[in-house]
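Structure data (compact mmCIF, C-alpha atoms and all ligand atoms) from work35.txt:
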```txt
# COMPACT_ATOMS: atom_id res chain seq x y z
CA MET O 415 60.96 4.34 219.77
CA ILE O 416 61.65 0.66 220.11
CA PHE O 417 63.18 -1.44 217.37
CA PRO O 418 60.74 -4.18 216.25
CA GLU O 419 63.51 -6.71 215.74
CA GLU O 420 61.44 -9.90 215.70
CA LYS O 421 58.89 -8.60 213.20
CA ILE O 422 61.62 -7.60 210.77
CA ARG O 423 63.65 -10.76 211.30
CA SER O 424 60.70 -13.05 210.59
CA HIS O 425 59.77 -11.02 207.49
CA ALA O 426 63.32 -11.29 206.12
CA LYS O 427 63.52 -14.97 207.01
CA LYS O 428 60.29 -15.73 205.21
CA LEU O 429 61.44 -13.97 202.04
CA LEU O 430 64.84 -15.64 202.01
CA SER O 431 63.90 -19.15 203.07
CA GLY O 432 62.62 -19.91 199.56
CA SER O 433 66.15 -19.76 198.19
CA GLU O 434 68.19 -21.05 201.07
CA ARG O 435 71.39 -21.99 199.35
CA GLY O 436 75.12 -21.63 199.65
CA ALA O 437 76.53 -18.24 200.45
CA HIS O 438 73.29 -16.30 200.55
CA SER O 439 71.40 -18.06 203.25
CA PHE O 440 69.57 -16.38 206.06
CA SER O 441 72.43 -17.31 208.37
CA HIS O 442 74.51 -14.67 206.53
CA VAL O 443 71.85 -12.10 207.37
CA GLU O 444 71.87 -13.15 211.04
CA ARG O 445 75.65 -12.79 211.20
CA VAL O 446 75.64 -9.41 209.47
CA TYR O 447 72.95 -8.28 211.88
CA ASP O 448 74.96 -9.44 214.92
CA ILE O 449 78.11 -7.66 213.73
CA ALA O 450 76.16 -4.50 212.84
CA LYS O 451 74.43 -4.50 216.23
CA ASN O 452 77.69 -4.92 218.06
CA LEU O 453 79.44 -2.12 216.13
CA GLY O 454 76.33 0.08 216.12
CA GLU O 455 75.83 -0.06 219.86
CA ARG O 456 79.47 0.83 220.46
CA MET O 457 79.34 3.72 218.00
CA GLY O 458 75.96 5.13 218.98
CA ALA O 459 74.20 4.34 215.70
CA ASN O 460 70.43 4.54 215.31
CA MET O 461 69.42 0.89 215.74
CA ARG O 462 65.97 1.32 214.20
CA ILE O 463 67.74 2.28 210.98
CA LEU O 464 70.78 0.02 211.21
CA GLY O 465 68.92 -3.03 212.55
CA ALA O 466 66.26 -2.83 209.84
CA ALA O 467 68.85 -2.25 207.11
CA ALA O 468 70.97 -5.21 208.26
CA LEU O 469 68.03 -7.63 208.47
CA LEU O 470 66.55 -6.52 205.14
CA HIS O 471 69.69 -5.87 203.06
CA ASP O 472 69.53 -9.14 201.13
CA ILE O 473 65.76 -9.72 200.77
CA GLY O 474 66.03 -8.78 197.09
CA ARG O 475 68.45 -11.65 196.36
CA PRO O 476 65.86 -14.11 195.01
CA LYS O 477 64.44 -11.38 192.74
CA GLU O 478 67.94 -10.41 191.58
CA GLU O 479 68.37 -13.96 190.33
CA GLU O 480 65.15 -13.64 188.33
CA THR O 481 65.52 -10.09 187.01
CA GLY O 482 69.25 -9.35 186.98
CA LYS O 483 68.56 -6.07 188.79
CA SER O 484 70.85 -5.35 191.77
CA HIS O 485 69.59 -6.60 195.12
CA ALA O 486 70.98 -3.43 196.71
CA ILE O 487 68.17 -1.59 194.91
CA LEU O 488 65.56 -4.36 195.07
CA SER O 489 65.97 -4.97 198.82
CA GLY O 490 65.35 -1.26 199.48
CA GLU O 491 62.32 -1.09 197.21
CA MET O 492 60.85 -4.21 198.79
CA SER O 493 61.39 -2.81 202.30
CA LYS O 494 59.45 0.44 201.91
CA GLU O 495 55.89 -0.78 202.23
CA PHE O 496 56.76 -3.31 204.92
CA LEU O 497 58.50 -0.68 207.07
CA HIS O 498 55.59 1.71 206.61
CA ASN O 499 53.20 -1.01 207.75
CA ILE O 500 55.13 -1.65 210.93
CA GLY O 501 55.22 2.04 211.86
CA TYR O 502 58.42 3.49 210.37
CA ASP O 503 58.04 7.12 209.29
CA GLU O 504 59.09 8.41 205.87
CA GLU O 505 62.39 9.84 207.05
CA GLU O 506 63.37 6.55 208.66
CA ILE O 507 62.40 4.61 205.57
CA VAL O 508 64.57 6.85 203.36
CA SER O 509 67.51 6.24 205.72
CA VAL O 510 67.07 2.45 205.71
CA VAL O 511 66.76 2.34 201.91
CA GLU O 512 69.85 4.53 201.53
CA ALA O 513 71.93 2.35 203.87
CA ILE O 514 70.91 -0.77 201.92
CA ARG O 515 71.65 0.90 198.56
CA SER O 516 75.27 1.58 199.48
CA HIS O 517 76.23 -1.73 201.13
CA ARG O 518 77.56 -3.59 198.15
CA PHE O 519 81.24 -4.08 197.34
CA SER O 520 80.80 -4.64 193.64
CA GLU O 521 78.89 -1.40 193.15
CA ASN O 522 81.26 0.94 194.88
CA ILE O 523 78.66 3.37 196.20
CA GLU O 524 79.89 5.34 199.21
CA PRO O 525 77.64 5.23 202.29
CA THR O 526 76.24 8.60 203.36
CA SER O 527 75.51 7.82 207.03
CA LEU O 528 77.06 6.05 210.01
CA GLU O 529 74.40 3.33 209.66
CA GLY O 530 75.32 2.84 205.99
CA GLU O 531 79.00 2.65 206.87
CA ILE O 532 78.40 0.03 209.55
CA LEU O 533 76.20 -2.11 207.29
CA SER O 534 78.83 -1.99 204.55
CA ASP O 535 81.56 -3.01 207.03
CA ALA O 536 79.44 -5.80 208.54
CA ASP O 537 78.53 -7.28 205.15
CA LYS O 538 82.18 -7.29 204.10
CA LEU O 539 83.39 -8.77 207.40
CA ASP O 540 81.14 -11.74 206.72
CA ALA O 541 83.07 -12.36 203.49
CA MET O 542 86.36 -12.46 205.43
CA GLY O 543 87.94 -14.74 208.03
CA ALA O 544 86.95 -18.38 208.49
CA ILE O 545 83.36 -17.74 207.49
CA GLY O 546 84.44 -15.85 204.39
CA ILE O 547 86.64 -18.77 203.38
CA PHE O 548 83.81 -21.22 203.95
CA ARG O 549 81.34 -19.13 201.94
CA ALA O 550 83.70 -18.61 199.02
CA ILE O 551 84.58 -22.30 198.82
CA ALA O 552 80.89 -23.16 199.00
CA ARG O 553 80.18 -20.76 196.14
CA ALA O 554 83.12 -21.88 194.01
CA THR O 555 82.08 -25.50 194.51
CA LEU O 556 78.46 -24.77 193.63
CA ARG O 557 79.61 -23.24 190.38
CA ASN O 558 82.08 -26.02 189.69
CA LEU O 559 85.03 -23.62 189.73
CA GLY O 560 87.19 -25.62 192.13
CA ILE O 561 90.35 -24.34 193.82
CA PRO O 562 91.29 -21.99 190.95
CA GLY O 563 87.86 -20.36 191.20
CA PHE O 564 88.26 -19.84 194.93
CA LEU O 565 91.77 -18.41 194.52
CA LYS O 566 90.68 -16.06 191.76
CA HIS O 567 87.84 -14.71 193.89
CA ALA O 568 90.13 -14.38 196.90
CA GLU O 569 92.64 -12.32 194.90
CA GLU O 570 90.07 -10.20 193.11
CA LYS O 571 87.82 -9.48 196.04
CA LEU O 572 88.35 -11.03 199.45
CA LEU O 573 91.94 -9.90 200.00
CA LYS O 574 90.96 -6.33 199.13
CA LEU O 575 88.17 -6.04 201.68
CA VAL O 576 90.52 -5.05 204.50
CA ASP O 577 91.02 -1.72 202.71
CA CYS O 578 87.30 -1.12 202.35
CA MET O 579 86.35 -0.54 205.98
CA TYR O 580 84.69 2.72 206.94
CA THR O 581 84.68 2.44 210.73
CA GLU O 582 87.60 2.04 213.09
CA GLU O 583 85.88 -0.79 214.98
CA GLY O 584 85.23 -2.59 211.71
CA GLU O 585 88.82 -2.16 210.67
CA LYS O 586 90.09 -3.87 213.82
CA ILE O 587 88.03 -6.98 213.16
CA ALA O 588 88.93 -6.82 209.47
CA HIS O 589 92.65 -6.98 210.23
CA GLU O 590 92.31 -10.21 212.17
CA ARG O 591 90.08 -11.78 209.55
CA HIS O 592 92.38 -10.62 206.77
CA GLU O 593 95.39 -12.30 208.36
CA LEU O 594 93.63 -15.66 208.46
CA LEU O 595 92.44 -15.26 204.89
CA GLN O 596 95.89 -14.34 203.67
CA ALA O 597 97.56 -17.23 205.50
CA PHE O 598 95.00 -19.68 204.11
CA VAL O 599 95.40 -18.42 200.53
CA GLU O 600 99.21 -18.61 200.72
CA LYS O 601 99.12 -22.11 202.15
CA LEU O 602 96.58 -23.28 199.61
CA LYS O 603 98.69 -21.92 196.75
CA ALA O 604 101.80 -23.62 198.14
CA GLU O 605 100.04 -26.96 198.52
CA VAL O 606 98.59 -26.70 195.03
CA ARG O 607 102.16 -26.18 193.73
CA ASN O 608 103.03 -29.25 195.82
CA ASP O 609 105.69 -27.16 197.47
CA LEU O 610 106.48 -29.46 200.40
CA ALA O 611 108.94 -27.12 202.07
CA HIS O 612 106.10 -24.82 203.12
P1 LIG M 1 78.01 -8.65 197.01
O1 LIG M 1 78.23 -8.34 195.55
O2 LIG M 1 76.66 -8.31 197.50
O3 LIG M 1 79.12 -8.16 197.88
P2 LIG M 1 78.49 -11.37 196.25
O4 LIG M 1 77.28 -11.97 195.66
O5 LIG M 1 79.58 -10.91 195.35
O6 LIG M 1 78.06 -10.21 197.21
O7 LIG M 1 79.15 -12.36 197.29
C1 LIG M 1 78.47 -13.04 198.30
C2 LIG M 1 79.31 -14.19 198.85
O8 LIG M 1 79.69 -15.13 197.83
C3 LIG M 1 80.63 -13.74 199.47
O9 LIG M 1 80.96 -14.57 200.55
C4 LIG M 1 81.60 -13.91 198.34
O10 LIG M 1 82.91 -14.05 198.80
C5 LIG M 1 81.09 -15.15 197.66
N1 LIG M 1 81.38 -15.16 196.22
C6 LIG M 1 80.91 -14.30 195.29
N2 LIG M 1 81.38 -14.57 194.06
C7 LIG M 1 82.19 -15.64 194.18
C8 LIG M 1 83.01 -16.42 193.29
N3 LIG M 1 83.07 -16.15 191.98
N4 LIG M 1 83.73 -17.44 193.80
C9 LIG M 1 83.69 -17.73 195.12
N5 LIG M 1 82.94 -17.05 196.02
C10 LIG M 1 82.19 -16.02 195.58
NI NI M 2 74.86 -9.44 202.41
```

Reformat the file's structure so that it appears as structure tokens.
Amino acid sequence: MIFPEEKIRSHAKKLLSGSERGAHSFSHVERVYDIAKNLGERMGANMRILGAAALLHDIGRPKEEETGKSHAILSGEMSKEFLHNIGYDEEEIVSVVEAIRSHRFSENIEPTSLEGEILSDADKLDAMGAIGIFRAIARATLRNLGIPGFLKHAEEKLLKLVDCMYTEEGEKIAHERHELLQAFVEKLKAEVRNDLAH
């Protein structure tokens, strides 16, 4: 069975374009999809499941803002009917929903499939490295939290992501991205202290 990539991408894009802002833009979804595809192809994942899960994993974001309910649940719920309409069978739909449910760092739910593991890794990789730094600064700025807000988030979350990888391929990329993140955080702290010897 082929993977109807364009149909799913345009559906996700339409749902997210209404709230195109800061860290949660559709460009994040595109990047997560690219990483997931790359890892998935190398690891022999089912791309109908992984591709759909990656493109749809954040479609519940706008509704999360309204209802407070987790987008990891909402995105899955919102995907069911759409996937059915484009020809996914029940078993596939369950797998996509399950992969989406377990992708989120803050909820600590362990993935139960290779596709879930890869989606979780890909989503976290996009919060690391240069892009991760950019996104976190964008978010901290949006919320008026400044440098202290960025540093707090980096310590509480971003610097821990390297230990949250499920796949070996993901871990390799994570190590590189972690190094950059760590170096940036150290340098930023030193400059904030006005420590000119650094
Ligand atoms: P999830 O819980 O789905 O993993 P988040 O909404 O926590 O995702 O994070 C999405 C993006 O926003 C990430 O790039 C993350 O680093 C950034 N972010 C989240 N919370 C903060 C914060 N308090 N300060 C700075 N960046 C943040
Ligand atoms: Ni995401």

Within 9 Å of region 555-572 of chain O using only C-alpha atoms, minus same-chain residues under 2 positions, as a ChimeraX atom specification = /O:436,519-520,538,541-542,546-547,550-553,574-576,592,595-596,599,602-603,606

Nearest to Ile587 (chain O), chosen from O:Phe548, O:Ile449, O:Glu505, O:Leu573, with only C-alpha atoms counted in the distances | O:Ile449

List all protein, DNA and RNA residues that have an atom no more than 8 Å from any atom of ligand NI 2 (chain M), counting only C-alpha atoms and all ligand atoms, and report them as a PyMOL selection string.
-> chain O and resi 438+442-443+446+471-472+517-518+537-538+540

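Closest approach to Ser424 (chain O) from the set O:Ile463, O:Phe496, O:Gly482, O:Ile487 is made by O:Phe496, with distances taken over only C-alpha atoms.
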
For region 582-593 of chain O, I'd like the enclosing box, axis-aligned and padded by 4 Å on every side, reported as lines of an AutoDock Vina configuration file with centre and edge lengths in Å to one decimal.
```
center_x = 90.3
center_y = -5.1
center_z = 210.9
size_x = 18.2
size_y = 22.3
size_z = 16.2
```

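Between CA of Arg462 (chain O) and CA of Phe417 (chain O) there is a distance of 5.0 Å.
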
For Leu497 (chain O), which of O:Arg475, O:Arg445, O:Arg515, O:Lys421 is the closest residue, counting all atoms listed in the file?
-> O:Lys421

List every protein, DNA or RNA residue with an atom no more than 12 Å from (68.8, -6.0, 191.4) in the file's coordinates, counting all atoms listed in the file, and format the result as a ChimeraX atom specification.
-> /O:471-492,514-515,518,521

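Of the listed residues (O:Arg549, O:His589, O:Arg607, O:Lys601), O:Arg549 comes nearest to ligand LIG 1 (chain M); the distances count only C-alpha atoms and all ligand atoms.
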